[in-house]
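One structure is given here, and the rest of the page talks about it.
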Amino acid sequence: MKDCRFKDKVIEYFEKLMDDKDKIVFENHLKDCSACQEQLSTMQKIYEIMDKDEISLPEKEFFERLKNDIRRKEVYVKKPIWKIFGILAPVLGILIFIVLVNFRKEQSVEIAIPTSYFTQDAYLNTLFFERIVDNGIVNQFNLLDEYFVVDIDEGLQELTTEQKEKLLELMSKKYGEEFL
Amino acid sequence: MNEDTDLSLVRKYKAGEERAFDMLFEKYQQPVYSICYRYVRNDADARELTQDIFVKIYRNLKKFNEKSKFFTWVYRIAVNTCISFKRSVHSEIVLDCSVSNPSERNLILKKAIDDALVKLPGRQKMAFILRHYEGYTFDEIGEIMGISSGAAKANHFQAIRKLRSLLKDWI
């Protein structure tokens, strides 16, 4: 077989890939070549064996389930990010607003308000001094003035009564119960 | 269902008709599973592959540009998914070709075919499956596998030569 010049033609012949001219030439050769005949017979046997390779298809339910699963999965996957963001955006917005408002409140109380205004604001004075029992504490409070950053002078004047009360409460928390 | 029907269904699906996908799925579910099974030689992996392939088809169907035939596109996805699949480890059974009981012999022969196909390189095996079991021409196989017709033929011939050697005890 090794020496047969047609050894590579057997598969081609078997697979019906030859044109008519080559086919006639090969068939003439085949009549007298035992090696090619044996090769051809082997090919037929291989194909017979491979034809026995039957497969069992999965049950119908598998394909039905698969079809539905694919769609379900894809609906989840295909949901555009902007749609998800559209749902989350209001929630995120509210959260950010709450955080910012709280953060700003803390800042406005602790940084932007000059302590000197505590003694100059009539309503705060009333609230503040009515509760003070020791003048020393007032002096201590006034001394604290230098530790505050004063950059918004109007800040205190713009506060509502409620905010001023809140301010006092926060100051007392920060600098001790003795302020009240 | 011919290529025109396929294209018509694809267009309907693109236009929002979800039922068109169902019809395409029903047409290709068995051929796709068969290719997968013949490639990986076990049901569990074949099911997993079939699922992966249809997810890809569903996900990309709207991008199908009609430059190739629809079945070529489907099979190309199937072939690429199979070839890149990392198969599970299966224990090998020692074959005994001398068993005389026909049913037992058939089982062993089936295992011999399994083992022979598993030993074939991916592209050779796929060329053989597409040619022998699916009956595609080498031009079509080349298009599906993204190789030339000649390369498809060479892969197929190599597969047969190896099968001849691997199954010599059964010939």
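By convention here, the chains of the structure tokens are called A, B, ... in the order presented, each chain's residues are numbered starting at 1, and ligands are numbered starting at 1 in the order presented.
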
May I ask you to extract the residues of chain A within 9 Å of chain B, using only C-alpha atoms, and to give them as a PyMOL selection string? chain A and resi 11-12+42-43+45-47+49-58+62-63+66-67+70-71+73-74+78

Can those selected residues be exported to a file as a short mmCIF file (atom, residue, chain, number, x, y, z; two decimals), in the first residue's frame so that it contains C-alpha atoms?
data_model
loop_
_atom_site.label_atom_id
_atom_site.label_comp_id
_atom_site.auth_asym_id
_atom_site.auth_seq_id
_atom_site.Cartn_x
_atom_site.Cartn_y
_atom_site.Cartn_z
CA ILE A 11 -10.78 8.51 0.65
CA GLU A 12 -11.48 10.93 -2.16
CA THR A 42 -11.42 -0.64 5.54
CA MET A 43 -13.01 2.71 4.78
CA LYS A 45 -15.98 -0.72 7.70
CA ILE A 46 -15.02 2.49 9.48
CA TYR A 47 -18.09 4.21 8.14
CA ILE A 49 -18.83 1.41 12.66
CA MET A 50 -19.30 5.15 12.88
CA ASP A 51 -22.86 4.80 11.61
CA LYS A 52 -23.59 2.66 14.66
CA ASP A 53 -22.86 5.68 16.78
CA GLU A 54 -26.47 6.52 17.45
CA ILE A 55 -27.27 9.13 20.01
CA SER A 56 -30.24 9.53 22.30
CA LEU A 57 -31.65 12.99 22.29
CA PRO A 58 -32.66 14.54 25.58
CA PHE A 62 -35.14 19.63 28.39
CA PHE A 63 -35.48 21.71 25.25
CA LEU A 66 -33.88 25.47 27.94
CA LYS A 67 -35.88 27.71 25.63
CA ILE A 70 -32.57 31.34 27.85
CA ARG A 71 -35.26 33.95 27.55
CA LYS A 73 -31.67 34.75 31.63
CA GLU A 74 -31.46 37.14 28.74
CA LYS A 78 -30.34 42.44 28.61
#

Extract, using only C-alpha atoms, all DNA, RNA and protein residues at most 10 Å from Ala20 of chain B, discarding same-chain residues fewer than 6 positions from it, and format them as a CSV table (one decimal) with C-alpha atoms, in the first residue's frame.
chain,number,residue,atom,x,y,z
B,6,ASP,CA,-34.8,31.1,8.5
B,8,SER,CA,-37.8,35.4,7.4
B,9,LEU,CA,-37.9,34.2,11.0
B,10,VAL,CA,-34.8,36.2,11.9
B,11,ARG,CA,-36.3,39.3,10.4
B,12,LYS,CA,-39.6,38.7,12.3
B,13,TYR,CA,-37.6,38.3,15.5
B,14,LYS,CA,-35.7,41.5,14.9
B,26,GLU,CA,-37.2,24.2,17.6

Could you list, as number ranges by chain, every residue within 9 Å of Arg76 of chain B, counting only C-alpha atoms and ignoring same-chain residues fewer than 6 positions away? B: 143-146

Atoms to include: N, CA and C atoms. Write the selected residues as an mmCIF file, in the first residue's frame.
data_model
loop_
_atom_site.group_PDB
_atom_site.id
_atom_site.type_symbol
_atom_site.label_atom_id
_atom_site.label_comp_id
_atom_site.auth_asym_id
_atom_site.auth_seq_id
_atom_site.Cartn_x
_atom_site.Cartn_y
_atom_site.Cartn_z
ATOM 1 N N GLU B 143 -16.748 27.015 5.468
ATOM 2 C CA GLU B 143 -17.399 28.274 5.855
ATOM 3 C C GLU B 143 -17.781 28.257 7.334
ATOM 4 N N ILE B 144 -18.315 27.121 7.780
ATOM 5 C CA ILE B 144 -18.715 27.006 9.190
ATOM 6 C C ILE B 144 -17.501 27.124 10.111
ATOM 7 N N MET B 145 -16.413 26.435 9.718
ATOM 8 C CA MET B 145 -15.251 26.406 10.608
ATOM 9 C C MET B 145 -14.292 27.573 10.390
ATOM 10 N N GLY B 146 -14.595 28.392 9.413
ATOM 11 C CA GLY B 146 -13.748 29.548 9.156
ATOM 12 C C GLY B 146 -12.408 29.147 8.556
#

Two-atom distance - atom CA of Ile129 of chain B, atom CA of Lys60 of chain A (Å): 23.6 Å

Selection: 10 Å around Leu30 of chain A, only C-alpha atoms, excl. self and same-chain fewer than 5 positions, as a PDB file with N, CA and C atoms, in the first residue's frame:
ATOM      1  N   PHE A   6      -1.883   5.645  -5.682  1.00  0.00           N
ATOM      2  CA  PHE A   6      -3.277   6.042  -5.468  1.00  0.00           C
ATOM      3  C   PHE A   6      -3.680   6.013  -3.980  1.00  0.00           C
ATOM      4  N   VAL A  10      -8.012   6.981  -2.189  1.00  0.00           N
ATOM      5  CA  VAL A  10      -9.091   6.098  -1.751  1.00  0.00           C
ATOM      6  C   VAL A  10     -10.197   6.874  -1.020  1.00  0.00           C
ATOM      7  N   ILE A  24     -12.796   7.406 -13.352  1.00  0.00           N
ATOM      8  CA  ILE A  24     -12.573   6.294 -14.306  1.00  0.00           C
ATOM      9  C   ILE A  24     -11.157   5.752 -14.150  1.00  0.00           C
ATOM     10  N   VAL A  25     -10.220   6.670 -14.041  1.00  0.00           N
ATOM     11  CA  VAL A  25      -8.813   6.260 -13.884  1.00  0.00           C
ATOM     12  C   VAL A  25      -8.649   5.431 -12.613  1.00  0.00           C
ATOM     13  N   ALA A  35      -4.138  -3.640  -2.641  1.00  0.00           N
ATOM     14  CA  ALA A  35      -3.920  -2.721  -1.514  1.00  0.00           C
ATOM     15  C   ALA A  35      -5.025  -1.669  -1.453  1.00  0.00           C
ATOM     16  N   CYS A  36      -5.374  -1.120  -2.618  1.00  0.00           N
ATOM     17  CA  CYS A  36      -6.436  -0.094  -2.639  1.00  0.00           C
ATOM     18  C   CYS A  36      -7.805  -0.724  -2.352  1.00  0.00           C
ATOM     19  N   GLN A  37      -7.963  -1.967  -2.818  1.00  0.00           N
ATOM     20  CA  GLN A  37      -9.236  -2.652  -2.523  1.00  0.00           C
ATOM     21  C   GLN A  37      -9.381  -2.834  -1.009  1.00  0.00           C
ATOM     22  N   GLU A  38      -8.271  -3.239  -0.395  1.00  0.00           N
ATOM     23  CA  GLU A  38      -8.289  -3.448   1.062  1.00  0.00           C
ATOM     24  C   GLU A  38      -8.550  -2.124   1.789  1.00  0.00           C
ATOM     25  N   LEU A  40     -10.109   0.441   0.617  1.00  0.00           N
ATOM     26  CA  LEU A  40     -11.509   0.820   0.391  1.00  0.00           C
ATOM     27  C   LEU A  40     -12.442   0.039   1.320  1.00  0.00           C
TER      28      LEU A  40
END

Between atom CA of Gly135 of chain B and atom CA of Lys67 of chain B lies a distance of 22.4 Å

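You will find atom CA of Thr5 of chain B at 13.7 Å from atom CA of Arg19 of chain B.
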